Amino acid sequence: MSERPHFTRDELTGSTSVLYSEPRLVRFQDIDAAGIVFFARVLEYFHDAFVNRLSAVGIALPQMLRDKPWKLPIVHAEADYLGPMRFGDPIVVEVVGVKHGAKSSVLGYRARSEAGHMLAVGQVVHACVDATTFRPIPVPEELMQALTRTPGKPET
């Protein structure tokens with residue numbers, strides 16, 4: 001079995017390449033009884049950045065899900081929590097990399113304070129499957145290009 005692509009923690013924390021960045025505030029509904037972000041919310045932050053990044057390069061997720069002959073189910077997600085995020089904290093969520101396998105793509109993420117302190121890193125693997133059969137298929141070239149394109153720059 002071939003190993004799917006992945007990022008190391010060092011790749012995620014040390015990346016100088018940022019494919020997409022969005023500021024956000026930690027909301028009251030995001031925190032747990034300890035007063036910090038509930039662990040699963042970080043994965044939501046990462047997914048929000050994925051959806052917003054797609055939109056920034058001209059791909060609306062609802063339209064993609066409706067019109068494309070392929071889907072991108074999440075088959076693996078992980079996060080490392082490096083510092084507390086509290087209610088009202090301004091943070092920055094970044095997509096810092098994408099790697100493609102034969103039939104999947106992995107996106108690397110991080111959340112940091114505005115001052116640059118690393119708060120969380122993670123990665124999410126999206127399999128590429130046929131929309132009808134849900135069997136794995138090769139990652140389409142148009143998707144590879146969209147995931148690696150810088151928002152605001154035209155397709156090449």
# chains A, B, ... in the order shown; residues from 1 in each chain; ligands from 1
$ residues_around --residues "Ser104 of chain A" --least-positions-apart "2" --cutoff "7 Å" --atoms "only C-alpha atoms" --output "number ranges by chain"
A: 100-102, 106, 125-128, 139
$ write_last_selection --atoms "N, CA and C atoms" --output "short mmCIF file (atom, residue, chain, number, x, y, z; two decimals), in the first residue's frame"
data_model
loop_
_atom_site.label_atom_id
_atom_site.label_comp_id
_atom_site.auth_asym_id
_atom_site.auth_seq_id
_atom_site.Cartn_x
_atom_site.Cartn_y
_atom_site.Cartn_z
N HIS A 100 0.13 16.37 -3.11
CA HIS A 100 -0.79 15.48 -3.81
C HIS A 100 -0.22 14.07 -3.87
N GLY A 101 -1.08 13.11 -3.60
CA GLY A 101 -0.78 11.72 -3.86
C GLY A 101 -1.48 11.35 -5.15
N ALA A 102 -1.49 10.07 -5.46
CA ALA A 102 -2.15 9.62 -6.69
C ALA A 102 -3.66 9.86 -6.62
N VAL A 106 -3.37 16.40 0.53
CA VAL A 106 -3.31 16.79 1.94
C VAL A 106 -2.98 18.27 2.00
N VAL A 125 -6.48 15.27 5.07
CA VAL A 125 -6.35 14.52 3.82
C VAL A 125 -7.72 14.38 3.19
N HIS A 126 -7.81 14.80 1.93
CA HIS A 126 -9.03 14.65 1.14
C HIS A 126 -8.78 13.58 0.09
N ALA A 127 -9.55 12.51 0.12
CA ALA A 127 -9.50 11.52 -0.95
C ALA A 127 -10.23 12.11 -2.14
N CYS A 128 -9.88 11.67 -3.31
CA CYS A 128 -10.63 12.06 -4.50
C CYS A 128 -11.39 10.83 -4.96
N VAL A 139 -6.40 12.33 -8.68
CA VAL A 139 -6.73 13.74 -8.43
C VAL A 139 -6.73 14.47 -9.77
#
$ select_by_dssp --residues "chain A" --states "strand (DSSP E)" --output "PyMOL selection string"
chain A and resi 20-25+70-71+74-81+90-100+104-113+118-127+129-130
$ write_last_selection --atoms "C-alpha atoms" --output "short mmCIF file (atom, residue, chain, number, x, y, z; two decimals), in the first residue's frame"
data_model
loop_
_atom_site.label_atom_id
_atom_site.label_comp_id
_atom_site.auth_asym_id
_atom_site.auth_seq_id
_atom_site.Cartn_x
_atom_site.Cartn_y
_atom_site.Cartn_z
CA TYR A 20 -3.94 31.46 2.18
CA SER A 21 -4.39 33.42 5.39
CA GLU A 22 -7.47 34.65 7.23
CA PRO A 23 -7.85 36.48 10.52
CA ARG A 24 -10.56 35.47 12.94
CA LEU A 25 -11.62 36.03 16.51
CA TRP A 70 -15.67 13.89 -8.24
CA LYS A 71 -15.93 14.54 -4.51
CA ILE A 74 -12.02 13.90 4.35
CA VAL A 75 -10.36 10.60 5.21
CA HIS A 76 -7.87 11.78 7.83
CA ALA A 77 -7.54 14.86 10.01
CA GLU A 78 -5.11 15.67 12.78
CA ALA A 79 -4.04 18.64 14.84
CA ASP A 80 -1.38 19.41 17.41
CA TYR A 81 -2.25 22.06 19.98
CA PRO A 90 -7.49 37.47 17.49
CA ILE A 91 -5.82 34.63 15.60
CA VAL A 92 -4.70 33.94 12.05
CA VAL A 93 -5.50 30.66 10.31
CA GLU A 94 -3.21 29.77 7.42
CA VAL A 95 -3.03 27.17 4.68
CA VAL A 96 0.71 26.59 4.46
CA GLY A 97 1.01 23.76 1.99
CA VAL A 98 -0.57 21.18 -0.23
CA LYS A 99 0.80 17.82 -1.32
CA HIS A 100 -0.79 15.48 -3.81
CA SER A 104 -5.63 12.18 -2.47
CA SER A 105 -4.44 15.62 -1.48
CA VAL A 106 -3.31 16.79 1.94
CA LEU A 107 -3.46 20.39 3.05
CA GLY A 108 -1.31 21.70 5.87
CA TYR A 109 -2.63 24.32 8.26
CA ARG A 110 -1.61 26.37 11.23
CA ALA A 111 -3.24 28.79 13.63
CA ARG A 112 -1.10 31.48 15.19
CA SER A 113 -1.49 34.59 17.26
CA MET A 118 2.15 29.06 16.97
CA LEU A 119 -1.10 27.89 18.56
CA ALA A 120 -1.99 24.81 16.49
CA VAL A 121 -0.87 22.96 13.40
CA GLY A 122 -2.62 20.24 11.48
CA GLN A 123 -3.32 18.52 8.25
CA VAL A 124 -6.38 17.22 6.50
CA VAL A 125 -6.35 14.52 3.82
CA HIS A 126 -9.03 14.65 1.14
CA ALA A 127 -9.50 11.52 -0.95
CA VAL A 129 -13.53 9.80 -5.37
CA ASP A 130 -15.94 9.31 -8.24
#
$ select_by_dssp --residues "segment 42-116 of chain A" --states "alpha helix (DSSP H)" --output "list in words"
Val42, Leu43, Glu44, Tyr45, Phe46, His47, Asp48, Ala49, Phe50, Val51, Asn52, Arg53, Leu54, Ser55, Ala56, Leu61, Pro62, Gln63, Met64, Leu65, Arg66 and Asp67 of chain A
$ atom_distance --atom1 "atom CA of Tyr45 of chain A" --atom2 "atom CA of Pro84 of chain A"
14.6 Å
$ closest_residue --among "A:Gly58, A:Gly116, A:Pro73, A:Gly35" --to "Gln145 of chain A" --atoms "only C-alpha atoms"
A:Gly58
$ closest_residue --among "A:Leu19, A:Leu61, A:Ile137, A:Leu12" --to "Lys103 of chain A" --atoms "only C-alpha atoms"
A:Ile137
$ residues_around --residues "Ile59 of chain A" --least-positions-apart "6" --cutoff "10 Å" --atoms "only C-alpha atoms" --output "PyMOL selection string"
chain A and resi 51-53+143+146-147
$ write_last_selection --atoms "C-alpha atoms" --output "compact mmCIF listing (two decimals), in the first residue's frame"
# COMPACT_ATOMS: atom_id res chain seq x y z
CA VAL A 51 -13.53 26.48 1.82
CA ASN A 52 -12.59 30.17 1.81
CA ARG A 53 -9.35 29.43 -0.03
CA LEU A 143 -8.07 20.41 -8.76
CA ALA A 146 -6.64 25.13 -7.99
CA LEU A 147 -5.23 23.89 -4.69
$ residues_around --residues "Asp30 of chain A" --least-positions-apart "4" --cutoff "12 Å" --atoms "only C-alpha atoms" --output "PyMOL selection string"
chain A and resi 24-26+34-45+85-89
$ atom_distance --atom1 "atom CA of Thr148 of chain A" --atom2 "atom CA of Val18 of chain A"
10.7 Å
$ atom_distance --atom1 "atom CA of Gln63 of chain A" --atom2 "atom CA of Thr133 of chain A"
19.4 Å
$ closest_residue --among "A:Glu142, A:Pro151, A:Arg9, A:Phe28" --to "Leu54 of chain A" --atoms "only C-alpha atoms"
A:Pro151
$ decode --residues "segment 66-91 of chain A" --atoms "C-alpha atoms" --output "PDB file, in the first residue's frame"
ATOM      1  CA  ARG A  66     -23.107  19.815  -7.262  1.00  0.00           C
ATOM      2  CA  ASP A  67     -21.374  19.955 -10.660  1.00  0.00           C
ATOM      3  CA  LYS A  68     -18.089  18.063 -10.586  1.00  0.00           C
ATOM      4  CA  PRO A  69     -17.877  14.313 -11.312  1.00  0.00           C
ATOM      5  CA  TRP A  70     -15.671  13.888  -8.236  1.00  0.00           C
ATOM      6  CA  LYS A  71     -15.933  14.538  -4.509  1.00  0.00           C
ATOM      7  CA  LEU A  72     -13.328  15.212  -1.819  1.00  0.00           C
ATOM      8  CA  PRO A  73     -14.305  13.413   1.381  1.00  0.00           C
ATOM      9  CA  ILE A  74     -12.015  13.905   4.349  1.00  0.00           C
ATOM     10  CA  VAL A  75     -10.358  10.600   5.205  1.00  0.00           C
ATOM     11  CA  HIS A  76      -7.871  11.785   7.829  1.00  0.00           C
ATOM     12  CA  ALA A  77      -7.543  14.864  10.015  1.00  0.00           C
ATOM     13  CA  GLU A  78      -5.107  15.671  12.782  1.00  0.00           C
ATOM     14  CA  ALA A  79      -4.040  18.638  14.845  1.00  0.00           C
ATOM     15  CA  ASP A  80      -1.382  19.415  17.405  1.00  0.00           C
ATOM     16  CA  TYR A  81      -2.251  22.059  19.979  1.00  0.00           C
ATOM     17  CA  LEU A  82       0.717  24.224  20.862  1.00  0.00           C
ATOM     18  CA  GLY A  83      -0.820  27.059  22.854  1.00  0.00           C
ATOM     19  CA  PRO A  84      -4.148  28.195  24.284  1.00  0.00           C
ATOM     20  CA  MET A  85      -6.700  30.114  22.245  1.00  0.00           C
ATOM     21  CA  ARG A  86      -9.136  32.003  24.464  1.00  0.00           C
ATOM     22  CA  PHE A  87     -12.427  33.800  23.912  1.00  0.00           C
ATOM     23  CA  GLY A  88     -11.827  37.079  22.100  1.00  0.00           C
ATOM     24  CA  ASP A  89      -8.286  36.257  20.996  1.00  0.00           C
ATOM     25  CA  PRO A  90      -7.487  37.471  17.492  1.00  0.00           C
ATOM     26  CA  ILE A  91      -5.820  34.626  15.599  1.00  0.00           C
TER      27      ILE A  91
END
